[in-house]
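Asks: One structure coming up, written as structure tokens, with questions to follow.
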Amino acid sequence: MISGIRGTRDILPDEVGRWRRVERAAVEVCARYGYVEVRTPVIEREELFAKGTGASTDIVQKEMYAFTDKGGERITLRPEATPSLVRAFVEHGLEQALPFAKLYSLGPMFRYERPQKGRYRQFHQLDVEVFGIADPAIDGEVIEMASAFVDELGLEGAELVINSVGCHACRPAFGAALLAALGGRVSDLCADCRRRAETNPLRIFDCKAPADQPIIDALPHSEDYLCDACRDHFVGVRRHLDAYGLSYRVSHRLVRGLDYYTRTTFEILGAGLGAQNALLGGGRYDGLVKQLGGPERPGIGFAAGLERLVLALPEGAGGAEPVDAFVVALGDAAWASARVLARDLRRAGLRVLIDYGGRSSKSQMKRANRSGARHMLILGGDELAAGEVTVKEMDSSRQRRVARAAVASALAPGSAP
RNA sequence: GUGAGUGUAGCUCAGUGGUAGAGCGCCGGACUGUGGCUCCGGAUGUCGCGGGUUCAACCCCCGUCACUCACCCCA
């Protein structure tokens with residue numbers, strides 16, 4: 001047997017309803033908030049992510065499925081969607097064509113990571129991006145929409161966390177203040193934190209090692225180092241969230257890993273998901289469009305992990321649509337006629353199953369029962385001769401004979417058996 | 001990349017150094033034109049893979065792969 005690739009998953013019939021539930025909610029919520037859908041390729045130039053996501057990030061350094069194609073180009077499976085959407089926005093001049101550059105996209109991403117609960121090598125994201133709006137009102141609207149999406153799915157116990165990490169002007173000062181506050185205590189931290197102190201000091205706030213916590217708790221907060229413009233912006237964002245009546249927690253420890261984030265960052269954490277508990281995360285990235293060769297345009301957005309949303313969905317969500325009828329043929333003579341009956345009902349828009357080959361009536365009926373069909377349509381010698389069909393309602397076991405032409409209407413909900 | 005746990009029937013799992021099991025599911029019958037309930041019968045396994053120890057390995061040892069969870073990273 002040839003097995004699937006590690007970290008990839010087959011979404012089987014018993015789970016696909018939950019996926020459709022999440023995807024439908026995503027599409028509907030985005031439409032309500034004025035977003036339009038964009039679909040970009042799964043493969044991109046490697047340099048798009050080196051420049052966009054950040055050459056120093058783990059995603060680019062060790063997690064990309066990158067290769068040289070037959071033409072000698074460096075290609076990669078996309079590890080995230082934001083750089084692709086920025087590219088499409090710039091490449092096609094979308095700000096000219098659209099009233100607002102509010103885009104969303106749905107699709108698979110690829111990262112070579114060790115799989116665990118809620119984390120896979122091929123995973124799926126809803127990606128939402130807004131280009132060209134600097135006003136904190138859009139930060140508030142994006143975060144409120146993310147929250148509405150989670151609510152729409154009926155997820156209990158989700159928590160919204162926000163922070164501001166400052167801009168290119170004020171963040172370096174905060175980084176320096178962090179290192180200064182750490183001083184000689186860097187050597188007391190865990191190995192991961194000592195590495196972070198070298199590469200990306202902000203990420204020390206992500207540390208989970210209990211021994212490090214007293215030191216980390218004493219570190220300065222990014223909010224206290226914001227420049228005036230960033231401070232005003234953050235106040236504005238919170239004013240909007242308060243006006244919406246959203247409950248949220250400001251956490252100075254919410255620092256996101258991608259290089260491009262500026263000012264607002266946020267996450268929504270789910271309950272019962274294990275260690276990978278971020279249902280969605282995002283923030284503002286005011287320099288990214290220019291960084292990728294476009295005009296100077298601010299940006300903000302988020303990505304939601306569909307696997308995690310499916311995982312967090314309440315029990316029983318996304319049940320399958322029931323089958324309307326299962327046609328049972330009794331005796332060889334009835335088979336051909338039964339197949340035509342099934343065809344006619346299907347063309348009339350009904351969901352109809354029928355068995356194949358001369359199985360016994362008993363086994364056909366067992367299969368009808370197992371299929372969850374609402375009705376059983378019995379066609380034997382008697383019915384054939386009379387031009388009728390026996391319509392049996394499965395739940396009540398009540399049945400009646402109906403003229404063939406009237407079968408479709410007899411299957412309608414509320415039609416008495 | 002690191003650590004721990006787990007790999008036995010389609011699924012959930014028991015099992016003992018000496019001929020592979022249960023429950024559920026599946027197929028058939030009891031009931032030749034009435035499903036679910038009950039009873040009876042049946043099929044299905046390279047015991048993850050490779051090597052070693054042994055008269056004999058599903059069991060013990062080594063390696064390897066996969067899965068799960070956690071670290072890292074992040075949706």
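Every chain in the structure tokens has a letter given in the order shown (A, B, ...), and although residue numbers restart at 1 in each chain, ligands are simply numbered from 1 in the order shown.
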Distance table requested - chain A against chain B, cut-off 7 Å, only C-alpha atoms (C1' of nucleotides): one row per qualifying residue with the closest atom pair and its distance in Å to one decimal, ordered by chain and rising residue number, as JSON lines.

Replies:
```
{"residue": "A:Asp58", "atom": "CA", "partner": "B:C73", "partner_atom": "C1'", "distance": 6.8}
{"residue": "A:Gln116", "atom": "CA", "partner": "B:C69", "partner_atom": "C1'", "distance": 6.8}
{"residue": "A:Gln125", "atom": "CA", "partner": "B:A75", "partner_atom": "C1'", "distance": 6.7}
{"residue": "A:Ala278", "atom": "CA", "partner": "B:A75", "partner_atom": "C1'", "distance": 6.6}
{"residue": "A:Leu279", "atom": "CA", "partner": "B:A75", "partner_atom": "C1'", "distance": 6.3}
{"residue": "A:Leu280", "atom": "CA", "partner": "B:A75", "partner_atom": "C1'", "distance": 5.6}
{"residue": "A:Gly281", "atom": "CA", "partner": "B:A75", "partner_atom": "C1'", "distance": 6.8}
{"residue": "A:Ala303", "atom": "CA", "partner": "B:A75", "partner_atom": "C1'", "distance": 6.1}
{"residue": "A:Ala304", "atom": "CA", "partner": "B:A75", "partner_atom": "C1'", "distance": 5.2}
{"residue": "A:Gly305", "atom": "CA", "partner": "B:A75", "partner_atom": "C1'", "distance": 3.9}
{"residue": "A:Leu330", "atom": "CA", "partner": "B:G33", "partner_atom": "C1'", "distance": 6.6}
{"residue": "A:Met365", "atom": "CA", "partner": "B:G35", "partner_atom": "C1'", "distance": 4.9}
{"residue": "A:Lys366", "atom": "CA", "partner": "B:G35", "partner_atom": "C1'", "distance": 5.0}
{"residue": "A:Ala368", "atom": "CA", "partner": "B:G35", "partner_atom": "C1'", "distance": 6.9}
{"residue": "A:Asn369", "atom": "CA", "partner": "B:G35", "partner_atom": "C1'", "distance": 5.1}
```

Asks: Could you name the residues that touch B:C62 at 12 Å or less, counting only C-alpha atoms (C1' of nucleotides), but leaving out those on the same chain fewer than 2 positions away, as number ranges by chain?

Replies: B: 50-53, 60, 64

Asks: Dump all heavy atoms for the selected residues as a short mmCIF file (atom, residue, chain, number, x, y, z; two decimals), in the first residue's frame?

Replies:
```cif
data_model
loop_
_atom_site.label_atom_id
_atom_site.label_comp_id
_atom_site.auth_asym_id
_atom_site.auth_seq_id
_atom_site.Cartn_x
_atom_site.Cartn_y
_atom_site.Cartn_z
P G B 50 9.57 -7.34 6.76
OP1 G B 50 9.62 -8.09 5.48
OP2 G B 50 8.96 -7.96 7.94
"O5'" G B 50 11.06 -6.91 7.14
"C5'" G B 50 11.92 -6.36 6.16
"C4'" G B 50 13.25 -5.97 6.76
"O4'" G B 50 13.06 -4.93 7.74
"C3'" G B 50 13.95 -7.07 7.54
"O3'" G B 50 14.63 -7.99 6.70
"C2'" G B 50 14.91 -6.26 8.40
"O2'" G B 50 16.02 -5.82 7.63
"C1'" G B 50 14.05 -5.05 8.75
N9 G B 50 13.39 -5.23 10.05
C8 G B 50 12.10 -5.63 10.30
N7 G B 50 11.82 -5.69 11.58
C5 G B 50 12.99 -5.31 12.21
C6 G B 50 13.30 -5.18 13.59
O6 G B 50 12.57 -5.38 14.56
N1 G B 50 14.62 -4.77 13.77
C2 G B 50 15.52 -4.51 12.77
N2 G B 50 16.73 -4.14 13.16
N3 G B 50 15.25 -4.63 11.50
C4 G B 50 13.97 -5.03 11.28
P G B 51 14.90 -9.49 7.25
OP1 G B 51 15.62 -10.20 6.16
OP2 G B 51 13.63 -10.05 7.77
"O5'" G B 51 15.87 -9.26 8.49
"C5'" G B 51 17.28 -9.24 8.27
"C4'" G B 51 18.00 -8.71 9.48
"O4'" G B 51 17.22 -7.64 10.10
"C3'" G B 51 18.21 -9.68 10.64
"O3'" G B 51 19.25 -10.61 10.38
"C2'" G B 51 18.54 -8.71 11.77
"O2'" G B 51 19.86 -8.20 11.64
"C1'" G B 51 17.54 -7.60 11.50
N9 G B 51 16.31 -7.83 12.28
C8 G B 51 15.07 -8.20 11.83
N7 G B 51 14.19 -8.34 12.80
C5 G B 51 14.90 -8.03 13.96
C6 G B 51 14.50 -8.01 15.31
O6 G B 51 13.38 -8.26 15.78
N1 G B 51 15.55 -7.67 16.16
C2 G B 51 16.82 -7.37 15.75
N2 G B 51 17.70 -7.06 16.71
N3 G B 51 17.22 -7.38 14.48
C4 G B 51 16.21 -7.72 13.65
P G B 52 19.10 -12.10 11.00
OP1 G B 52 20.21 -12.92 10.44
OP2 G B 52 17.71 -12.56 10.86
"O5'" G B 52 19.39 -11.85 12.54
"C5'" G B 52 20.66 -11.33 12.96
"C4'" G B 52 20.64 -10.99 14.42
"O4'" G B 52 19.55 -10.07 14.70
"C3'" G B 52 20.36 -12.16 15.36
"O3'" G B 52 21.51 -12.95 15.59
"C2'" G B 52 19.89 -11.42 16.62
"O2'" G B 52 20.99 -10.88 17.33
"C1'" G B 52 19.08 -10.28 16.02
N9 G B 52 17.64 -10.59 15.98
C8 G B 52 16.87 -10.87 14.87
N7 G B 52 15.61 -11.10 15.16
C5 G B 52 15.56 -10.97 16.56
C6 G B 52 14.47 -11.11 17.45
O6 G B 52 13.29 -11.37 17.19
N1 G B 52 14.86 -10.90 18.77
C2 G B 52 16.13 -10.59 19.17
N2 G B 52 16.32 -10.42 20.47
N3 G B 52 17.16 -10.46 18.33
C4 G B 52 16.80 -10.66 17.06
P U B 53 21.35 -14.52 15.89
OP1 U B 53 22.71 -15.10 15.93
OP2 U B 53 20.33 -15.07 14.96
"O5'" U B 53 20.75 -14.54 17.36
"C5'" U B 53 21.50 -14.04 18.45
"C4'" U B 53 20.72 -14.16 19.74
"O4'" U B 53 19.57 -13.26 19.68
"C3'" U B 53 20.09 -15.52 19.98
"O3'" U B 53 21.02 -16.44 20.55
"C2'" U B 53 18.96 -15.17 20.95
"O2'" U B 53 19.45 -14.96 22.26
"C1'" U B 53 18.49 -13.83 20.38
N1 U B 53 17.36 -13.99 19.43
C2 U B 53 16.08 -14.09 19.97
O2 U B 53 15.88 -14.06 21.17
N3 U B 53 15.09 -14.25 19.05
C4 U B 53 15.21 -14.31 17.69
O4 U B 53 14.21 -14.45 16.98
C5 U B 53 16.55 -14.20 17.20
C6 U B 53 17.56 -14.06 18.07
P C B 60 7.97 -7.51 24.71
OP1 C B 60 7.51 -7.12 26.06
OP2 C B 60 8.01 -6.52 23.62
"O5'" C B 60 9.42 -8.18 24.82
"C5'" C B 60 9.91 -8.66 26.07
"C4'" C B 60 11.38 -9.01 25.95
"O4'" C B 60 11.51 -10.26 25.22
"C3'" C B 60 12.21 -8.02 25.14
"O3'" C B 60 12.62 -6.92 25.93
"C2'" C B 60 13.38 -8.88 24.68
"O2'" C B 60 14.33 -9.06 25.71
"C1'" C B 60 12.68 -10.22 24.41
N1 C B 60 12.29 -10.40 22.99
C2 C B 60 13.29 -10.60 22.04
O2 C B 60 14.47 -10.60 22.39
N3 C B 60 12.94 -10.77 20.74
C4 C B 60 11.65 -10.76 20.39
N4 C B 60 11.35 -10.94 19.10
C5 C B 60 10.61 -10.55 21.34
C6 C B 60 10.98 -10.39 22.62
P U B 64 17.64 4.26 13.89
OP1 U B 64 18.50 5.34 13.37
OP2 U B 64 16.94 4.41 15.18
"O5'" U B 64 16.55 3.91 12.77
"C5'" U B 64 16.94 3.72 11.41
"C4'" U B 64 15.78 3.17 10.62
"O4'" U B 64 15.33 1.93 11.22
"C3'" U B 64 14.53 4.05 10.62
"O3'" U B 64 14.61 5.07 9.64
"C2'" U B 64 13.44 3.03 10.30
"O2'" U B 64 13.42 2.71 8.93
"C1'" U B 64 13.93 1.80 11.08
N1 U B 64 13.33 1.69 12.42
C2 U B 64 12.04 1.19 12.49
O2 U B 64 11.41 0.87 11.51
N3 U B 64 11.52 1.10 13.76
C4 U B 64 12.15 1.45 14.94
O4 U B 64 11.56 1.29 16.00
C5 U B 64 13.48 1.96 14.78
C6 U B 64 14.01 2.07 13.55
#
```

Asks: Which neighbours of A:Glu15 fall inside 10 Å, counting only C-alpha atoms (C1' of nucleotides), when residues of the same chain fewer than 3 positions from it are skipped, and could you give them as a PyMOL selection string?

Replies: chain A and resi 10-12+18-20+310+317-320

Asks: Residues of stretch 139-239 of chain A classed as alpha helix (DSSP H) by DSSP on the backbone are to be reported as a ChimeraX atom specification.

Replies: /A:139-152,171-182,191-199,213-217,228-239

Asks: Hey, what's within 8 Å of A:Ala271 if we count only C-alpha atoms (C1' of nucleotides) and toss same-chain stuff fewer than 6 positions away? As a ChimeraX atom specification, please?

Replies: /A:156-158,277,312

Asks: Hey, which of A:Gln96, A:Asp192, A:Tyr261, A:Val391 ends up closest to B:U2? Count only C-alpha atoms (C1' of nucleotides).

Replies: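 Between A:Gln96, A:Asp192, A:Tyr261, A:Val391, the residue approaching B:U2 most closely is A:Asp192.
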
Asks: Can you tell me which residues surround stretch 18-25 of chain B at a distance of at most 9 Å, considering only C-alpha atoms (C1' of nucleotides), apart from same-chain residues fewer than 6 positions away, and format the answer as a PyMOL selection string?

Replies: chain B and resi 8+10-12+45+47+56+58

Asks: With distances taken over only C-alpha atoms, which residue among A:Asp232, A:Glu28, A:Asp382, A:Asp332 lies nearest A:Ala148?

Replies: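 That would be A:Glu28, the residue with the smallest distance to A:Ala148.
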
Asks: Write out as a CSV table (one decimal) with C-alpha atoms, in the first residue's frame which residues come within 12 Å of stretch 91-93 of chain A when counting only C-alpha atoms (C1' of nucleotides), dropping same-chain ones fewer than 5 positions away.

Replies:
```
chain,number,residue,atom,x,y,z
A,38,VAL,CA,-9.0,36.2,-4.9
A,40,THR,CA,-3.7,32.8,-6.3
A,83,PRO,CA,2.8,37.8,0.2
A,84,SER,CA,0.8,36.2,-2.6
A,85,LEU,CA,-2.1,38.5,-2.1
A,86,VAL,CA,0.2,41.5,-1.9
A,98,LEU,CA,-11.9,48.0,-6.7
A,101,ALA,CA,-8.9,46.7,-1.7
A,131,PHE,CA,-4.6,47.4,1.5
A,289,VAL,CA,3.4,46.4,0.0
A,292,LEU,CA,7.4,43.8,-2.3
A,293,GLY,CA,7.9,46.4,-5.0
A,294,GLY,CA,4.5,48.1,-4.8
A,295,PRO,CA,3.4,51.6,-3.9
```

Asks: Between atom CA of A:Asp127 and atom CA of A:Cys170, what is the distance, to one decimal in Å?

Replies: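 These atoms are spaced 27.9 Å apart.
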
Asks: Just the number, please: distance in Å from atom CA of A:Val328 to atom C1' of B:U44, one decimal.

Replies: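 Rounded to one decimal, the two atoms are 28.6 Å apart.
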
Asks: Would you kindly return, as a list in words, each protein, DNA or RNA residue with an atom no farther than 6 Å from any atom of A:Pro298, considering only C-alpha atoms (C1' of nucleotides) and excluding same-chain residues fewer than 2 positions away?

Replies: Phe131, Gly132, Ala134 and Asp286 of chain A

Asks: For the selection just defined, write its residues with C-alpha atoms to a file, as a PDB file, in the first residue's frame.

Replies:
```pdb
ATOM      1  CA  PHE A 131      -4.613  47.396   1.482  1.00  0.00           C
ATOM      2  CA  GLY A 132      -4.440  51.168   1.535  1.00  0.00           C
ATOM      3  CA  ALA A 134      -4.393  53.505   7.610  1.00  0.00           C
ATOM      4  CA  ASP A 286       2.415  48.906   6.889  1.00  0.00           C
TER       5      ASP A 286
END
```

Asks: What is the distance between atom CA of A:Gly17 and atom CA of A:Phe123, in Å to one decimal?

Replies: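 A separation of 17.2 Å between them.
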
Asks: So which bits of stretch 105-290 of chain A end up strand (DSSP E) when you DSSP the backbone, as a PyMOL selection string?

Replies: chain A and resi 105-110+122-131+159-164+249-250+262-269+278-284

Asks: Please determine, counting only C-alpha atoms (C1' of nucleotides), which residue among B:C37, B:A43, B:C55, B:A30 has the shortest atom-to-atom distance to B:A9.

Replies: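 Going through B:C37, B:A43, B:C55, B:A30 one by one, the smallest distance to B:A9 is for B:A43.
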